[in-house]
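*Asks:* Got a structure for you, written out below as structure tokens; questions coming shortly.
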Amino acid sequence: MQHLERRFEAGRRQALAGRPAVVMFLAASACWPTLAHTESAAAAYKTAPGPHAIEVIDNHVLPTGEGQRRLRARIVFPEGDGMFPLVVFSHGFACYREHYSGLTDHWASHGYVVVQPEHPDCPTSEQRLDAATARNLHYVRISDVGRVLDALFAPGENVPGLTGKIDYSRRVMAGHSFGAMVTQIIWGLPLKDPESSEAVSYALDFDAAIVMSGPGPMPQMADSPFAQLPGPMLVTGGTRDTRNAGDGVIQPWEWRMLSYETSPPGRKYSVVLEDGDHYLGGAICREDRGGPENRGGAPDAQGVIILAGVTTAFLDAWLNSDETARRFLEEFDKHAGVTGGRARFAQR
């Protein structure tokens with residue numbers, strides 16, 4: 001696990017200190033450790049780095065229209081020729097984009113372009129989060145995702161090394177925590193209109209969704225919000241992944257899995273990490289969100305590896321029509337032994 005922990009630490013330092021705009025490195029050099037398990041290693045799905053070297057653009061500035069704030073995005077993508085599917089990833093509240101590199105860079109090494117917009121609550125955001133923006137943050141974030149899509153489709157928009165490599169017909173929306181709420185909304189969860197209380201959809205055109213530690217029912221959501229969520233969708237959480245938004249209401253970890261449990265069945269998958277907390281001990285989002293004060297523990301490198309493998313299987317299955325990945329998902333509940341019983345897999 002030490003190699004992966006050093007990778008997380010490097011990502012944190014980059015978030016705090018900055019680094020050159022384009023960084024090249026081999027994903028294979030990350031030396032991801034093998035999962036501890038009781039079954040054959042062949043049963044695990046792509047927990048090792050993929051075959052692609054990757055390129056990272058830390059702060060690509062998206063086109064800015066009249067009245068729009070300057071929006072930057074971290075973009076990580078495979079080197080070489082190809083038409084690669086797209087993943088748009090929305091970070092958690094007040095989280096660093098770079099601190100999800102254990103997942104996003106892993107996906108890129110397996111052939112995906114990952115775009116991570118810098119929402120205004122990100123600690124490195126050029127614009128401070130004022131009260132008005134905070135009240136409407138979910139709308140701002142939805143707009144940010146729309147701007148990513150607009151920019152990637154914009155005629156003449158050039159991303160050095162990437163232009164011409166994105167297959168826009170294959171794309172997944174993904175996010176963690178607040179970013180997972182945004183993912184749910186963009187995937188079809190309706191919001192309650194502030195004036196009329198009518199259900200309003202803000203869905204965008206994606207092929208699948210990955211919801212990591214997302215919320216259960218919230219006041220902004222319309223009634224029975226998850227009834228509108230289609231498949232394919234992967235929902236993840238952990239048995240220490242409770243909800244505490246500072247309002248005194250503590251929700252058990254099962255609350256975070258309600259988008260899986262209560263949405264219509266069909267191409268729905270869930271992963272629950274035993275003893276997994278909301279920030280995987282600070283291994284994702286930002287390291288100061290780990291530890292007992294945040295109902296967490298030590299950095300959970302193994303949890304990140306498990307999620308990296310399972311999410312890659314999901315991407316392969318629904319963006320690349322990979323039959324091996326489909327079989328892995330179809331036999332989800334048989335794979336607990338791969339993680340030494342650490343993960344509970346389910347499908348419906």
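We name chains A, B, ... following the order of the structure tokens; residues begin at 1 in each chain, and ligands are numbered from 1 as shown.
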Using only C-alpha atoms, which residues sit within 9 Å of Asp81 (chain A) once same-chain residues fewer than 3 positions away are excluded, as a tab-separated table (two decimals) with C-alpha atoms, in the first residue's frame?

*Replies:*
chain	number	residue	atom	x	y	z
A	78	PRO	CA	-4.41	8.44	-22.41
A	84	PHE	CA	-11.52	7.42	-26.06
A	165	LYS	CA	-9.33	11.80	-29.44

*Asks:* Just the residues within 9 Å of region 267-282 of chain A, please, counting only C-alpha atoms, with nothing from its chain fewer than 2 positions along; format it as JSON, numbers by chain.

*Replies:* {"A": [99, 177, 213, 230, 231, 232, 233, 234, 235, 236, 237, 238, 239, 240, 241, 242, 243, 253, 257, 260, 261, 263, 264, 265, 284, 285, 286, 287, 288, 289, 290, 291, 292, 294, 295, 296, 297, 298, 299, 300, 301, 303, 304, 306, 307, 310, 314, 329, 332, 341, 342, 343, 344, 345, 346, 347, 348]}

*Asks:* Output as a PyMOL selection string all residues of region 107-162 of chain A that backbone DSSP marks as helix (DSSP H, G or I).

*Replies:* chain A and resi 107-109+131-135+137-153

*Asks:* Excluding Val87 (chain A) and its own-chain neighbours fewer than 3 positions away, which residues fall within 7 Å of it when counting only C-alpha atoms? Please give them as a list in words.

*Replies:*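 Residues near the query, excluding close chain neighbours: Tyr112, Val113, Val114, Val115, Arg171, Val172, Met173 and Ala174 of chain A.
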
*Asks:* Take the residues just selected and output them with C-alpha atoms as an mmCIF file, in the first residue's frame.

*Replies:*
data_model
loop_
_atom_site.group_PDB
_atom_site.id
_atom_site.type_symbol
_atom_site.label_atom_id
_atom_site.label_comp_id
_atom_site.auth_asym_id
_atom_site.auth_seq_id
_atom_site.Cartn_x
_atom_site.Cartn_y
_atom_site.Cartn_z
ATOM 1 C CA TYR A 112 -10.755 7.044 -20.712
ATOM 2 C CA VAL A 113 -10.656 10.823 -20.942
ATOM 3 C CA VAL A 114 -11.571 12.286 -17.541
ATOM 4 C CA VAL A 115 -12.553 15.949 -17.143
ATOM 5 C CA ARG A 171 -19.834 9.334 -21.909
ATOM 6 C CA VAL A 172 -20.413 8.777 -18.202
ATOM 7 C CA MET A 173 -21.226 11.263 -15.436
ATOM 8 C CA ALA A 174 -19.553 10.514 -12.087
#

*Asks:* Can you pull out every residue within 8 Å of Thr312 (chain A), counting only C-alpha atoms, but drop anything in the same chain fewer than 2 positions away, and send it as a VMD selection string?

*Replies:* chain A and resid 45 to 46 107 110 308 to 310 314 to 316

*Asks:* Can you list, as an mmCIF file with all heavy atoms, in the first residue's frame, all residues belonging to region 11-182 of chain A that DSSP tags as strand (DSSP E)?

*Replies:*
data_model
loop_
_atom_site.group_PDB
_atom_site.id
_atom_site.type_symbol
_atom_site.label_atom_id
_atom_site.label_comp_id
_atom_site.auth_asym_id
_atom_site.auth_seq_id
_atom_site.Cartn_x
_atom_site.Cartn_y
_atom_site.Cartn_z
ATOM 1 N N VAL A 22 1.155 20.926 -17.731
ATOM 2 C CA VAL A 22 1.071 19.601 -18.315
ATOM 3 C C VAL A 22 2.129 18.708 -17.684
ATOM 4 O O VAL A 22 3.289 19.062 -17.629
ATOM 5 C CB VAL A 22 1.287 19.655 -19.835
ATOM 6 C CG1 VAL A 22 1.194 18.277 -20.442
ATOM 7 C CG2 VAL A 22 0.252 20.572 -20.482
ATOM 8 N N VAL A 23 1.700 17.578 -17.175
ATOM 9 C CA VAL A 23 2.623 16.641 -16.546
ATOM 10 C C VAL A 23 2.489 15.298 -17.230
ATOM 11 O O VAL A 23 1.385 14.799 -17.411
ATOM 12 C CB VAL A 23 2.319 16.484 -15.039
ATOM 13 C CG1 VAL A 23 3.241 15.458 -14.412
ATOM 14 C CG2 VAL A 23 2.483 17.822 -14.333
ATOM 15 N N MET A 24 3.577 14.707 -17.618
ATOM 16 C CA MET A 24 3.569 13.404 -18.250
ATOM 17 C C MET A 24 4.104 12.374 -17.274
ATOM 18 O O MET A 24 5.099 12.606 -16.615
ATOM 19 C CB MET A 24 4.473 13.412 -19.493
ATOM 20 C CG MET A 24 4.142 14.491 -20.500
ATOM 21 S SD MET A 24 2.685 14.130 -21.454
ATOM 22 C CE MET A 24 3.268 12.741 -22.396
ATOM 23 N N PHE A 25 3.451 11.247 -17.184
ATOM 24 C CA PHE A 25 4.013 10.148 -16.409
ATOM 25 C C PHE A 25 3.366 8.852 -16.835
ATOM 26 O O PHE A 25 2.288 8.833 -17.410
ATOM 27 C CB PHE A 25 3.832 10.365 -14.901
ATOM 28 C CG PHE A 25 2.411 10.510 -14.435
ATOM 29 C CD1 PHE A 25 1.702 9.424 -13.977
ATOM 30 C CD2 PHE A 25 1.795 11.746 -14.449
ATOM 31 C CE1 PHE A 25 0.401 9.566 -13.543
ATOM 32 C CE2 PHE A 25 0.487 11.883 -14.019
ATOM 33 C CZ PHE A 25 -0.206 10.802 -13.563
ATOM 34 N N ILE A 54 -0.339 8.233 -19.361
ATOM 35 C CA ILE A 54 -1.367 9.267 -19.304
ATOM 36 C C ILE A 54 -0.746 10.657 -19.277
ATOM 37 O O ILE A 54 0.410 10.848 -18.893
ATOM 38 C CB ILE A 54 -2.307 9.086 -18.103
ATOM 39 C CG1 ILE A 54 -1.553 9.242 -16.788
ATOM 40 C CG2 ILE A 54 -3.008 7.746 -18.158
ATOM 41 C CD1 ILE A 54 -2.453 9.225 -15.566
ATOM 42 N N GLU A 55 -1.524 11.620 -19.701
ATOM 43 C CA GLU A 55 -1.136 13.021 -19.688
ATOM 44 C C GLU A 55 -2.137 13.784 -18.839
ATOM 45 O O GLU A 55 -3.344 13.521 -18.899
ATOM 46 C CB GLU A 55 -1.097 13.573 -21.111
ATOM 47 C CG GLU A 55 -0.605 15.008 -21.199
ATOM 48 C CD GLU A 55 -0.367 15.446 -22.636
ATOM 49 O OE1 GLU A 55 -0.310 14.583 -23.535
ATOM 50 O OE2 GLU A 55 -0.246 16.672 -22.850
ATOM 51 N N VAL A 56 -1.637 14.728 -18.054
ATOM 52 C CA VAL A 56 -2.494 15.512 -17.172
ATOM 53 C C VAL A 56 -2.348 16.993 -17.499
ATOM 54 O O VAL A 56 -1.231 17.518 -17.565
ATOM 55 C CB VAL A 56 -2.132 15.282 -15.692
ATOM 56 C CG1 VAL A 56 -3.023 16.156 -14.786
ATOM 57 C CG2 VAL A 56 -2.285 13.819 -15.304
ATOM 58 N N ILE A 57 -3.472 17.648 -17.716
ATOM 59 C CA ILE A 57 -3.517 19.104 -17.812
ATOM 60 C C ILE A 57 -4.238 19.578 -16.552
ATOM 61 O O ILE A 57 -5.428 19.314 -16.368
ATOM 62 C CB ILE A 57 -4.262 19.565 -19.071
ATOM 63 C CG1 ILE A 57 -3.610 18.979 -20.328
ATOM 64 C CG2 ILE A 57 -4.283 21.089 -19.139
ATOM 65 C CD1 ILE A 57 -4.362 19.293 -21.608
ATOM 66 N N ASP A 58 -3.516 20.249 -15.680
ATOM 67 C CA ASP A 58 -4.083 20.581 -14.375
ATOM 68 C C ASP A 58 -5.175 21.641 -14.442
ATOM 69 O O ASP A 58 -6.183 21.550 -13.746
ATOM 70 C CB ASP A 58 -2.978 21.066 -13.431
ATOM 71 C CG ASP A 58 -2.186 19.923 -12.834
ATOM 72 O OD1 ASP A 58 -2.810 18.893 -12.516
ATOM 73 O OD2 ASP A 58 -0.963 20.037 -12.706
ATOM 74 N N ASN A 59 -4.963 22.683 -15.233
ATOM 75 C CA ASN A 59 -5.864 23.823 -15.193
ATOM 76 C C ASN A 59 -6.177 24.332 -16.602
ATOM 77 O O ASN A 59 -5.811 25.444 -16.978
ATOM 78 C CB ASN A 59 -5.252 24.953 -14.359
ATOM 79 C CG ASN A 59 -5.219 24.621 -12.881
ATOM 80 O OD1 ASN A 59 -6.246 24.283 -12.295
ATOM 81 N ND2 ASN A 59 -4.043 24.702 -12.289
ATOM 82 N N HIS A 60 -6.878 23.498 -17.352
ATOM 83 C CA HIS A 60 -7.347 23.949 -18.666
ATOM 84 C C HIS A 60 -8.499 24.923 -18.453
ATOM 85 O O HIS A 60 -9.457 24.637 -17.728
ATOM 86 C CB HIS A 60 -7.822 22.754 -19.490
ATOM 87 C CG HIS A 60 -8.397 23.145 -20.821
ATOM 88 N ND1 HIS A 60 -7.610 23.548 -21.867
ATOM 89 C CD2 HIS A 60 -9.678 23.214 -21.259
ATOM 90 C CE1 HIS A 60 -8.371 23.853 -22.902
ATOM 91 N NE2 HIS A 60 -9.632 23.656 -22.560
ATOM 92 N N VAL A 61 -8.397 26.095 -19.075
ATOM 93 C CA VAL A 61 -9.434 27.123 -18.930
ATOM 94 C C VAL A 61 -10.470 26.943 -20.026
ATOM 95 O O VAL A 61 -10.151 26.978 -21.224
ATOM 96 C CB VAL A 61 -8.820 28.533 -18.998
ATOM 97 C CG1 VAL A 61 -9.920 29.593 -18.859
ATOM 98 C CG2 VAL A 61 -7.779 28.712 -17.899
ATOM 99 N N ARG A 72 -11.977 26.490 -14.683
ATOM 100 C CA ARG A 72 -10.852 25.625 -15.014
ATOM 101 C C ARG A 72 -11.252 24.169 -14.828
ATOM 102 O O ARG A 72 -12.171 23.845 -14.067
ATOM 103 C CB ARG A 72 -9.647 25.939 -14.125
ATOM 104 C CG ARG A 72 -9.208 27.397 -14.189
ATOM 105 C CD ARG A 72 -7.927 27.649 -13.421
ATOM 106 N NE ARG A 72 -8.031 27.308 -12.012
ATOM 107 C CZ ARG A 72 -7.065 27.516 -11.122
ATOM 108 N NH1 ARG A 72 -5.915 28.074 -11.508
ATOM 109 N NH2 ARG A 72 -7.220 27.190 -9.849
ATOM 110 N N ALA A 73 -10.540 23.294 -15.501
ATOM 111 C CA ALA A 73 -10.795 21.861 -15.374
ATOM 112 C C ALA A 73 -9.469 21.105 -15.388
ATOM 113 O O ALA A 73 -8.544 21.471 -16.127
ATOM 114 C CB ALA A 73 -11.690 21.352 -16.490
ATOM 115 N N ARG A 74 -9.391 20.093 -14.570
ATOM 116 C CA ARG A 74 -8.280 19.134 -14.647
ATOM 117 C C ARG A 74 -8.686 18.080 -15.662
ATOM 118 O O ARG A 74 -9.773 17.498 -15.570
ATOM 119 C CB ARG A 74 -8.019 18.492 -13.294
ATOM 120 C CG ARG A 74 -6.865 17.490 -13.277
ATOM 121 C CD ARG A 74 -6.692 16.885 -11.886
ATOM 122 N NE ARG A 74 -5.473 16.100 -11.778
ATOM 123 C CZ ARG A 74 -5.394 14.782 -11.963
ATOM 124 N NH1 ARG A 74 -6.490 14.084 -12.272
ATOM 125 N NH2 ARG A 74 -4.251 14.149 -11.828
ATOM 126 N N ILE A 75 -7.824 17.839 -16.634
ATOM 127 C CA ILE A 75 -8.108 16.846 -17.665
ATOM 128 C C ILE A 75 -6.991 15.814 -17.663
ATOM 129 O O ILE A 75 -5.810 16.167 -17.727
ATOM 130 C CB ILE A 75 -8.214 17.494 -19.057
ATOM 131 C CG1 ILE A 75 -9.259 18.619 -19.048
ATOM 132 C CG2 ILE A 75 -8.580 16.452 -20.110
ATOM 133 C CD1 ILE A 75 -9.373 19.354 -20.376
ATOM 134 N N VAL A 76 -7.356 14.555 -17.564
ATOM 135 C CA VAL A 76 -6.382 13.465 -17.629
ATOM 136 C C VAL A 76 -6.834 12.520 -18.733
ATOM 137 O O VAL A 76 -8.014 12.180 -18.832
ATOM 138 C CB VAL A 76 -6.232 12.752 -16.269
ATOM 139 C CG1 VAL A 76 -7.563 12.267 -15.735
ATOM 140 C CG2 VAL A 76 -5.244 11.599 -16.362
ATOM 141 N N PHE A 77 -5.883 12.115 -19.587
ATOM 142 C CA PHE A 77 -6.268 11.321 -20.746
ATOM 143 C C PHE A 77 -5.123 10.431 -21.204
ATOM 144 O O PHE A 77 -3.957 10.670 -20.874
ATOM 145 C CB PHE A 77 -6.723 12.229 -21.893
ATOM 146 C CG PHE A 77 -5.720 13.258 -22.338
ATOM 147 C CD1 PHE A 77 -4.849 13.005 -23.391
ATOM 148 C CD2 PHE A 77 -5.663 14.499 -21.708
ATOM 149 C CE1 PHE A 77 -3.939 13.957 -23.817
ATOM 150 C CE2 PHE A 77 -4.750 15.458 -22.123
ATOM 151 C CZ PHE A 77 -3.882 15.186 -23.177
ATOM 152 N N PRO A 78 -5.450 9.368 -21.955
ATOM 153 C CA PRO A 78 -4.414 8.437 -22.409
ATOM 154 C C PRO A 78 -3.566 9.056 -23.508
ATOM 155 O O PRO A 78 -4.053 9.815 -24.345
ATOM 156 C CB PRO A 78 -5.211 7.237 -22.958
ATOM 157 C CG PRO A 78 -6.620 7.458 -22.539
ATOM 158 C CD PRO A 78 -6.791 8.926 -22.347
ATOM 159 N N PHE A 84 -11.331 7.854 -27.429
ATOM 160 C CA PHE A 84 -11.523 7.418 -26.057
ATOM 161 C C PHE A 84 -12.842 7.943 -25.491
ATOM 162 O O PHE A 84 -13.189 9.116 -25.705
ATOM 163 C CB PHE A 84 -10.370 7.891 -25.186
ATOM 164 C CG PHE A 84 -9.020 7.407 -25.642
ATOM 165 C CD1 PHE A 84 -8.094 8.295 -26.172
ATOM 166 C CD2 PHE A 84 -8.678 6.069 -25.550
ATOM 167 C CE1 PHE A 84 -6.847 7.861 -26.594
ATOM 168 C CE2 PHE A 84 -7.436 5.621 -25.964
ATOM 169 C CZ PHE A 84 -6.517 6.517 -26.492
ATOM 170 N N PRO A 85 -13.575 7.106 -24.744
ATOM 171 C CA PRO A 85 -14.804 7.577 -24.097
ATOM 172 C C PRO A 85 -14.509 8.662 -23.064
ATOM 173 O O PRO A 85 -13.383 8.808 -22.590
ATOM 174 C CB PRO A 85 -15.357 6.311 -23.432
ATOM 175 C CG PRO A 85 -14.676 5.172 -24.109
ATOM 176 C CD PRO A 85 -13.330 5.675 -24.500
ATOM 177 N N LEU A 86 -15.560 9.377 -22.683
ATOM 178 C CA LEU A 86 -15.445 10.530 -21.797
ATOM 179 C C LEU A 86 -16.096 10.254 -20.446
ATOM 180 O O LEU A 86 -17.197 9.713 -20.372
ATOM 181 C CB LEU A 86 -16.126 11.734 -22.443
ATOM 182 C CG LEU A 86 -16.269 13.004 -21.598
ATOM 183 C CD1 LEU A 86 -14.916 13.624 -21.323
ATOM 184 C CD2 LEU A 86 -17.196 14.004 -22.301
ATOM 185 N N VAL A 87 -15.401 10.645 -19.375
ATOM 186 C CA VAL A 87 -15.967 10.655 -18.030
ATOM 187 C C VAL A 87 -15.857 12.082 -17.497
ATOM 188 O O VAL A 87 -14.770 12.668 -17.494
ATOM 189 C CB VAL A 87 -15.219 9.703 -17.071
ATOM 190 C CG1 VAL A 87 -15.858 9.739 -15.679
ATOM 191 C CG2 VAL A 87 -15.207 8.281 -17.618
ATOM 192 N N VAL A 88 -16.978 12.660 -17.068
ATOM 193 C CA VAL A 88 -16.964 13.947 -16.381
ATOM 194 C C VAL A 88 -17.138 13.659 -14.896
ATOM 195 O O VAL A 88 -18.097 12.995 -14.493
ATOM 196 C CB VAL A 88 -18.076 14.879 -16.883
ATOM 197 C CG1 VAL A 88 -18.046 16.212 -16.126
ATOM 198 C CG2 VAL A 88 -17.943 15.127 -18.385
ATOM 199 N N PHE A 89 -16.188 14.149 -14.076
ATOM 200 C CA PHE A 89 -16.188 13.836 -12.643
ATOM 201 C C PHE A 89 -16.340 15.111 -11.827
ATOM 202 O O PHE A 89 -15.565 16.058 -11.966
ATOM 203 C CB PHE A 89 -14.888 13.129 -12.246
ATOM 204 C CG PHE A 89 -14.873 12.681 -10.804
ATOM 205 C CD1 PHE A 89 -15.382 11.437 -10.458
ATOM 206 C CD2 PHE A 89 -14.383 13.507 -9.804
ATOM 207 C CE1 PHE A 89 -15.391 11.023 -9.127
ATOM 208 C CE2 PHE A 89 -14.391 13.104 -8.473
ATOM 209 C CZ PHE A 89 -14.889 11.859 -8.140
ATOM 210 N N SER A 90 -17.352 15.111 -10.938
ATOM 211 C CA SER A 90 -17.641 16.248 -10.068
ATOM 212 C C SER A 90 -17.155 15.943 -8.654
ATOM 213 O O SER A 90 -17.600 14.968 -8.029
ATOM 214 C CB SER A 90 -19.144 16.533 -10.071
ATOM 215 O OG SER A 90 -19.469 17.629 -9.245
ATOM 216 N N VAL A 113 -10.924 9.407 -21.158
ATOM 217 C CA VAL A 113 -10.656 10.823 -20.942
ATOM 218 C C VAL A 113 -11.495 11.275 -19.752
ATOM 219 O O VAL A 113 -12.714 11.072 -19.740
ATOM 220 C CB VAL A 113 -11.025 11.664 -22.182
ATOM 221 C CG1 VAL A 113 -10.860 13.154 -21.900
ATOM 222 C CG2 VAL A 113 -10.183 11.240 -23.383
ATOM 223 N N VAL A 114 -10.852 11.862 -18.741
ATOM 224 C CA VAL A 114 -11.571 12.286 -17.541
ATOM 225 C C VAL A 114 -11.414 13.795 -17.379
ATOM 226 O O VAL A 114 -10.293 14.316 -17.323
ATOM 227 C CB VAL A 114 -11.047 11.576 -16.276
ATOM 228 C CG1 VAL A 114 -11.930 11.929 -15.076
ATOM 229 C CG2 VAL A 114 -11.003 10.064 -16.476
ATOM 230 N N VAL A 115 -12.543 14.494 -17.322
ATOM 231 C CA VAL A 115 -12.553 15.949 -17.143
ATOM 232 C C VAL A 115 -13.145 16.253 -15.764
ATOM 233 O O VAL A 115 -14.246 15.806 -15.442
ATOM 234 C CB VAL A 115 -13.365 16.647 -18.240
ATOM 235 C CG1 VAL A 115 -13.341 18.158 -18.035
ATOM 236 C CG2 VAL A 115 -12.820 16.284 -19.620
ATOM 237 N N GLN A 116 -12.392 17.026 -14.955
ATOM 238 C CA GLN A 116 -12.802 17.356 -13.592
ATOM 239 C C GLN A 116 -12.941 18.870 -13.456
ATOM 240 O O GLN A 116 -11.955 19.568 -13.199
ATOM 241 C CB GLN A 116 -11.757 16.841 -12.601
ATOM 242 C CG GLN A 116 -11.535 15.332 -12.636
ATOM 243 C CD GLN A 116 -10.318 14.934 -11.826
ATOM 244 O OE1 GLN A 116 -9.246 14.691 -12.386
ATOM 245 N NE2 GLN A 116 -10.457 14.868 -10.508
ATOM 246 N N PRO A 117 -14.148 19.403 -13.609
ATOM 247 C CA PRO A 117 -14.317 20.849 -13.459
ATOM 248 C C PRO A 117 -14.015 21.302 -12.034
ATOM 249 O O PRO A 117 -14.258 20.564 -11.069
ATOM 250 C CB PRO A 117 -15.782 21.082 -13.822
ATOM 251 C CG PRO A 117 -16.455 19.764 -13.613
ATOM 252 C CD PRO A 117 -15.421 18.719 -13.913
ATOM 253 N N ILE A 166 -11.513 12.307 -28.443
ATOM 254 C CA ILE A 166 -12.670 11.996 -27.600
ATOM 255 C C ILE A 166 -13.805 11.462 -28.454
ATOM 256 O O ILE A 166 -14.192 12.071 -29.448
ATOM 257 C CB ILE A 166 -13.156 13.243 -26.832
ATOM 258 C CG1 ILE A 166 -12.041 13.819 -25.974
ATOM 259 C CG2 ILE A 166 -14.355 12.890 -25.958
ATOM 260 C CD1 ILE A 166 -12.436 15.105 -25.268
ATOM 261 N N ASP A 167 -14.353 10.322 -28.017
ATOM 262 C CA ASP A 167 -15.552 9.773 -28.645
ATOM 263 C C ASP A 167 -16.758 10.324 -27.877
ATOM 264 O O ASP A 167 -17.109 9.828 -26.814
ATOM 265 C CB ASP A 167 -15.528 8.241 -28.594
ATOM 266 C CG ASP A 167 -16.737 7.620 -29.278
ATOM 267 O OD1 ASP A 167 -17.684 8.352 -29.604
ATOM 268 O OD2 ASP A 167 -16.735 6.386 -29.475
ATOM 269 N N TYR A 168 -17.365 11.380 -28.405
ATOM 270 C CA TYR A 168 -18.448 12.056 -27.695
ATOM 271 C C TYR A 168 -19.719 11.220 -27.598
ATOM 272 O O TYR A 168 -20.630 11.566 -26.839
ATOM 273 C CB TYR A 168 -18.760 13.384 -28.384
ATOM 274 C CG TYR A 168 -17.604 14.346 -28.391
ATOM 275 C CD1 TYR A 168 -16.920 14.634 -29.562
ATOM 276 C CD2 TYR A 168 -17.186 14.957 -27.217
ATOM 277 C CE1 TYR A 168 -15.849 15.518 -29.570
ATOM 278 C CE2 TYR A 168 -16.124 15.837 -27.209
ATOM 279 C CZ TYR A 168 -15.456 16.113 -28.390
ATOM 280 O OH TYR A 168 -14.405 16.990 -28.386
ATOM 281 N N SER A 169 -19.793 10.129 -28.355
ATOM 282 C CA SER A 169 -20.992 9.287 -28.317
ATOM 283 C C SER A 169 -20.985 8.339 -27.123
ATOM 284 O O SER A 169 -21.964 7.645 -26.883
ATOM 285 C CB SER A 169 -21.100 8.473 -29.611
ATOM 286 O OG SER A 169 -20.067 7.498 -29.691
ATOM 287 N N ARG A 170 -19.874 8.317 -26.363
ATOM 288 C CA ARG A 170 -19.772 7.430 -25.192
ATOM 289 C C ARG A 170 -19.309 8.258 -24.002
ATOM 290 O O ARG A 170 -18.163 8.687 -23.946
ATOM 291 C CB ARG A 170 -18.780 6.289 -25.454
ATOM 292 C CG ARG A 170 -19.204 5.335 -26.570
ATOM 293 C CD ARG A 170 -18.164 4.235 -26.767
ATOM 294 N NE ARG A 170 -16.931 4.743 -27.360
ATOM 295 C CZ ARG A 170 -15.748 4.123 -27.301
ATOM 296 N NH1 ARG A 170 -15.638 2.994 -26.635
ATOM 297 N NH2 ARG A 170 -14.686 4.643 -27.882
ATOM 298 N N ARG A 171 -20.214 8.488 -23.040
ATOM 299 C CA ARG A 171 -19.834 9.334 -21.909
ATOM 300 C C ARG A 171 -20.604 8.974 -20.640
ATOM 301 O O ARG A 171 -21.787 8.624 -20.679
ATOM 302 C CB ARG A 171 -20.017 10.799 -22.260
ATOM 303 C CG ARG A 171 -21.367 11.171 -22.836
ATOM 304 C CD ARG A 171 -21.310 12.583 -23.399
ATOM 305 N NE ARG A 171 -22.592 13.026 -23.911
ATOM 306 C CZ ARG A 171 -22.784 14.186 -24.517
ATOM 307 N NH1 ARG A 171 -21.790 15.028 -24.656
ATOM 308 N NH2 ARG A 171 -23.981 14.526 -24.968
ATOM 309 N N VAL A 172 -19.885 9.098 -19.530
ATOM 310 C CA VAL A 172 -20.413 8.777 -18.202
ATOM 311 C C VAL A 172 -20.270 9.998 -17.300
ATOM 312 O O VAL A 172 -19.263 10.705 -17.339
ATOM 313 C CB VAL A 172 -19.662 7.573 -17.591
ATOM 314 C CG1 VAL A 172 -19.831 7.517 -16.081
ATOM 315 C CG2 VAL A 172 -20.165 6.273 -18.206
ATOM 316 N N MET A 173 -21.286 10.244 -16.483
ATOM 317 C CA MET A 173 -21.226 11.263 -15.436
ATOM 318 C C MET A 173 -20.915 10.572 -14.119
ATOM 319 O O MET A 173 -21.525 9.541 -13.781
ATOM 320 C CB MET A 173 -22.565 12.001 -15.350
ATOM 321 C CG MET A 173 -22.582 13.140 -14.330
ATOM 322 S SD MET A 173 -21.476 14.485 -14.780
ATOM 323 C CE MET A 173 -21.026 15.124 -13.151
ATOM 324 N N ALA A 174 -19.956 11.113 -13.359
ATOM 325 C CA ALA A 174 -19.553 10.514 -12.087
ATOM 326 C C ALA A 174 -19.294 11.617 -11.076
ATOM 327 O O ALA A 174 -18.987 12.757 -11.434
ATOM 328 C CB ALA A 174 -18.295 9.658 -12.283
ATOM 329 N N GLY A 175 -19.407 11.270 -9.786
ATOM 330 C CA GLY A 175 -19.117 12.259 -8.757
ATOM 331 C C GLY A 175 -19.123 11.653 -7.378
ATOM 332 O O GLY A 175 -19.648 10.559 -7.157
ATOM 333 N N HIS A 176 -18.518 12.397 -6.434
ATOM 334 C CA HIS A 176 -18.432 11.967 -5.041
ATOM 335 C C HIS A 176 -19.135 12.987 -4.148
ATOM 336 O O HIS A 176 -18.983 14.193 -4.332
ATOM 337 C CB HIS A 176 -16.960 11.844 -4.619
ATOM 338 C CG HIS A 176 -16.763 11.690 -3.137
ATOM 339 N ND1 HIS A 176 -16.178 12.658 -2.354
ATOM 340 C CD2 HIS A 176 -17.073 10.659 -2.302
ATOM 341 C CE1 HIS A 176 -16.141 12.242 -1.092
ATOM 342 N NE2 HIS A 176 -16.673 11.041 -1.033
#

*Asks:* Pick the closest to Pro63 (chain A) from A:Pro190, A:Pro155, A:Pro215, A:Gly337: which is it, counting only C-alpha atoms?

*Replies:*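 Nearest to Pro63 (chain A): A:Pro155.
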
*Asks:* So that I can check the surroundings of Gly179 (chain A), please list as a list of chain:residue names every protein, DNA and RNA residue that reaches within 10 Å of it, counting only C-alpha atoms and ignoring chain neighbours fewer than 6 positions away.

*Replies:*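 Those residues are A:Phe89, A:Ser90, A:His91, A:Gly92, A:Phe93, A:Cys95, A:His119, A:His138, A:Arg141, A:Ile142, A:Met173, A:Ile185, A:Val211, A:Met212, A:Ser213, A:Gly214, A:Pro215.
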
*Asks:* Nearest to Gln302 (chain A) among A:Asn244, A:Asn136, A:Ile250, A:Thr47, with distances taken over only C-alpha atoms: which residue is it?

*Replies:* A:Thr47
